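Undergrad: Dropping the structure in here first, questions after.
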Amino acid sequence: MFILDSYLASVFFCVITMLCWGSWANTQKLASKEWRFELFYWDYVLGVLLLSVASAFTLGSHGDVGRGFIADVDQALSSSVLSAIFGGVVFNLANILLVAAIALAGMAVAFPVGIGIALVLGVIVNYMAAPSGNALFLFAGVALVTVAILLDARAYQKLSQHHSSTPPVKGIVLSIVSGILMGLFYRFVAAGMTLDFANPEPGKLGPYSAVVFFSIGVFLSSFIFVPLMMKNPVSGPPVKMADYFKGNARSHLTGILGGVIWCIGMSLNLIASGRAGFAISYGLGQGATMIAAIWGIFFWKEFKSAPAGTNRLLTAMMASYLFGLVCIILAHWYE
């Protein structure tokens, strides 16, 4: 299978992860305005599954290093497989709760609370389970990225202050729960994996197999979570499954594309973890929030009519974000 042989290559893969995780949601904007998120999500999870299987039978099955995909699955312990699947279930629930929190409390509250908790908790949990990198640099980087997320939230609050209102408690609670789950899902996947891909530990999964079983967890749990979301949407009327089959090719393909983009990020992140370690890989990947902010600023022009002082917040956000990433990257070299 294809694996990385340098830390710099791992950092590059993590940067691609940031781009993918911070960009996939743009595909929903490209779909029809009448195409509800609940319907979009079915195609999204299908895209996640398709990409994981495609990568497993290509990059994960060719080459002389490590175990090929089929051989890896054959020798895997059921505990490793179930751990990766459960990670997919946890991620799926976290993702859906985050969407609900955004609908109730708004982007400026849900994202910094949810992703901020996920970033800090995820790095702590993965570092404690598999220490890798200089803790001082790693957690300084996490702190700086968290500050950047908070500055981004403040910028969004200033943008919408003329219709400001107190965010509902339910939205804040959902953000917190989503953040906790988002911070934990990666650990379940990592728990079923070996970190030495060239000489893999018996019974554990390689990165390609782990992504496949993770994606199976996402896909199967959607048959529980998404119907509930369709029947009890946080905004708008309930959606029927029959509505899904009324969608045009563009709507379905953009949803699948969104899932493919997200899963490319997940696959590259797990491949990078072999050299960077789980904590650093996850920490860099969750900087995706800033990528999403960059899309909003420069492409969707969300701050075009922002009040005075907003640009200073955005500049400080970018600086804090970049310094944070540098600290996380340096954590490996100063271990």
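Ordering of the structure tokens sets the chain letters (A, B, ...); residue numbers start at 1 within each chain; ligands are numbered from 1 in the order shown.
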Quick one: residues within 8 Å of range 54-58 of chain A, only C-alpha atoms, excluding same-chain residues fewer than 4 positions away - as a PyMOL selection string?

TA: chain A and resi 50+62+69+208-209+212

Undergrad: What would the file look like if the residues just selected were written as a tab-separated table (two decimals), in the first residue's frame with N, CA and C atoms?

TA:
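Once everything was written out, this is selection_7.tsv:
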```tsv
chain	number	residue	atom	x	y	z
A	50	LEU	N	-18.08	5.77	-0.98
A	50	LEU	CA	-17.51	5.45	-2.29
A	50	LEU	C	-16.02	5.79	-2.37
A	62	HIS	N	-1.95	-1.56	-3.63
A	62	HIS	CA	-0.80	-1.69	-4.52
A	62	HIS	C	0.49	-1.26	-3.81
A	69	PHE	N	-5.09	-4.06	1.27
A	69	PHE	CA	-6.41	-3.88	1.89
A	69	PHE	C	-7.07	-5.21	2.26
A	208	TYR	N	-6.12	2.62	5.30
A	208	TYR	CA	-7.15	2.47	4.26
A	208	TYR	C	-8.32	1.62	4.77
A	209	SER	N	-8.00	0.55	5.48
A	209	SER	CA	-9.05	-0.28	6.05
A	209	SER	C	-9.83	0.48	7.12
A	212	VAL	N	-12.35	2.74	5.53
A	212	VAL	CA	-13.50	1.99	5.00
A	212	VAL	C	-14.49	1.65	6.11
```

Undergrad: Residues within 10 Å of range 7-20 of chain A, please, as a VMD selection string. Count only C-alpha atoms; anything in the same chain fewer than 2 positions from it doesn't count.

TA: chain A and resid 3 to 5 22 to 25 258 to 277 280 to 292 325 328 to 329 332 to 333

Undergrad: Excluding range 127-142 of chain A and residues on its chain fewer than 2 positions from it, collect all residues at most 7 Å away from it, counting only C-alpha atoms, and give them as a list in words.

TA: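 The residues satisfying every condition are Val120, Val123, Ile124, Val125, Leu144, Val145, Thr146, Gly277, Ala279, Gly283, Gly324, Leu325, Cys327, Ile328, Leu330, Ala331, His332, Tyr334 and Glu335 of chain A.
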
Undergrad: Can you spit out the residues from that selection as a PDB file, in the first residue's frame, using N, CA and C atoms?

TA:
```
ATOM      1  N   VAL A 120      -9.567  21.074  20.982  1.00  0.00           N
ATOM      2  CA  VAL A 120      -8.830  20.925  22.241  1.00  0.00           C
ATOM      3  C   VAL A 120      -8.959  19.512  22.790  1.00  0.00           C
ATOM      4  N   VAL A 123      -7.142  16.749  20.528  1.00  0.00           N
ATOM      5  CA  VAL A 123      -5.681  16.715  20.664  1.00  0.00           C
ATOM      6  C   VAL A 123      -5.286  16.120  22.014  1.00  0.00           C
ATOM      7  N   ILE A 124      -5.970  16.533  23.086  1.00  0.00           N
ATOM      8  CA  ILE A 124      -5.648  16.014  24.420  1.00  0.00           C
ATOM      9  C   ILE A 124      -5.835  14.501  24.479  1.00  0.00           C
ATOM     10  N   VAL A 125      -6.990  14.034  24.014  1.00  0.00           N
ATOM     11  CA  VAL A 125      -7.316  12.605  24.079  1.00  0.00           C
ATOM     12  C   VAL A 125      -6.331  11.789  23.255  1.00  0.00           C
ATOM     13  N   LEU A 144      -3.550  28.763  20.124  1.00  0.00           N
ATOM     14  CA  LEU A 144      -3.570  29.840  19.134  1.00  0.00           C
ATOM     15  C   LEU A 144      -4.665  29.616  18.093  1.00  0.00           C
ATOM     16  N   VAL A 145      -4.852  28.367  17.648  1.00  0.00           N
ATOM     17  CA  VAL A 145      -5.927  28.072  16.693  1.00  0.00           C
ATOM     18  C   VAL A 145      -7.289  28.308  17.339  1.00  0.00           C
ATOM     19  N   THR A 146      -7.418  27.971  18.618  1.00  0.00           N
ATOM     20  CA  THR A 146      -8.669  28.219  19.335  1.00  0.00           C
ATOM     21  C   THR A 146      -8.959  29.719  19.419  1.00  0.00           C
ATOM     22  N   GLY A 277       1.844  11.180  13.885  1.00  0.00           N
ATOM     23  CA  GLY A 277       1.158  10.823  15.123  1.00  0.00           C
ATOM     24  C   GLY A 277      -0.279  11.313  15.074  1.00  0.00           C
ATOM     25  N   ALA A 279      -2.210  12.844  17.373  1.00  0.00           N
ATOM     26  CA  ALA A 279      -2.523  14.147  17.966  1.00  0.00           C
ATOM     27  C   ALA A 279      -2.205  15.287  17.001  1.00  0.00           C
ATOM     28  N   GLY A 283      -4.913  17.629  15.122  1.00  0.00           N
ATOM     29  CA  GLY A 283      -4.848  19.059  15.422  1.00  0.00           C
ATOM     30  C   GLY A 283      -4.730  19.905  14.172  1.00  0.00           C
ATOM     31  N   GLY A 324      -0.428  29.341  15.075  1.00  0.00           N
ATOM     32  CA  GLY A 324      -0.855  28.097  15.707  1.00  0.00           C
ATOM     33  C   GLY A 324      -0.453  26.883  14.892  1.00  0.00           C
ATOM     34  N   LEU A 325      -0.654  26.955  13.580  1.00  0.00           N
ATOM     35  CA  LEU A 325      -0.265  25.847  12.715  1.00  0.00           C
ATOM     36  C   LEU A 325       1.243  25.619  12.750  1.00  0.00           C
ATOM     37  N   CYS A 327       3.263  26.230  15.222  1.00  0.00           N
ATOM     38  CA  CYS A 327       3.604  25.584  16.505  1.00  0.00           C
ATOM     39  C   CYS A 327       3.283  24.090  16.469  1.00  0.00           C
ATOM     40  N   ILE A 328       2.127  23.735  15.902  1.00  0.00           N
ATOM     41  CA  ILE A 328       1.748  22.325  15.828  1.00  0.00           C
ATOM     42  C   ILE A 328       2.737  21.553  14.953  1.00  0.00           C
ATOM     43  N   LEU A 330       5.895  22.367  14.368  1.00  0.00           N
ATOM     44  CA  LEU A 330       7.193  22.306  15.051  1.00  0.00           C
ATOM     45  C   LEU A 330       7.208  21.307  16.204  1.00  0.00           C
ATOM     46  N   ALA A 331       6.030  20.924  16.698  1.00  0.00           N
ATOM     47  CA  ALA A 331       5.956  20.002  17.836  1.00  0.00           C
ATOM     48  C   ALA A 331       6.683  18.689  17.527  1.00  0.00           C
ATOM     49  N   HIS A 332       6.675  18.277  16.284  1.00  0.00           N
ATOM     50  CA  HIS A 332       7.338  17.023  15.912  1.00  0.00           C
ATOM     51  C   HIS A 332       8.863  17.167  15.967  1.00  0.00           C
ATOM     52  N   TYR A 334      10.687  19.263  17.716  1.00  0.00           N
ATOM     53  CA  TYR A 334      11.241  19.550  19.046  1.00  0.00           C
ATOM     54  C   TYR A 334      10.775  18.532  20.085  1.00  0.00           C
ATOM     55  N   GLU A 335      10.486  17.358  19.610  1.00  0.00           N
ATOM     56  CA  GLU A 335      10.009  16.299  20.521  1.00  0.00           C
ATOM     57  C   GLU A 335      11.121  15.870  21.470  1.00  0.00           C
TER      58      GLU A 335
END
```

Undergrad: Nearest to Val81 in chain A: which of A:Ala308, A:Met241, A:Val189, A:Ile117 is it, counting only C-alpha atoms?

TA: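 Among the listed residues, A:Val189 lies closest to Val81 in chain A.
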
Undergrad: For Gly236 in chain A, which residue among A:Ala316, A:Ala103, A:Ala249, A:Ala143 is the nearest when counting only C-alpha atoms?

TA: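 For Gly236 in chain A, the nearest of the given residues is A:Ala103.
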
Undergrad: For Glu201 in chain A, please output as a PyMOL selection string all residues within 12 Å (counting only C-alpha atoms; exclusion window: fewer than 4 positions along the same chain).

TA: chain A and resi 66-67+72+75-77+80+192-197+205-206

Undergrad: Report as a ChimeraX atom specification all protein, DNA and RNA residues lying within 12 Å of Met229 in chain A, evaluated on only C-alpha atoms, omitting residues in the same chain fewer than 6 positions from it.

TA: /A:36-39,41-42,93,95-97,99-100,222-223,235-241

Undergrad: Which distance in Å separates CA of Phe185 in chain A and CA of Leu30 in chain A, to one decimal?

TA: 28.2 Å

Undergrad: If you measure from CA of Pro307 in chain A to CA of Thr27 in chain A, what distance in Å do you get, rounded to one decimal?

TA: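 About the pair CA of Pro307 in chain A and CA of Thr27 in chain A: they are 28.4 Å apart.
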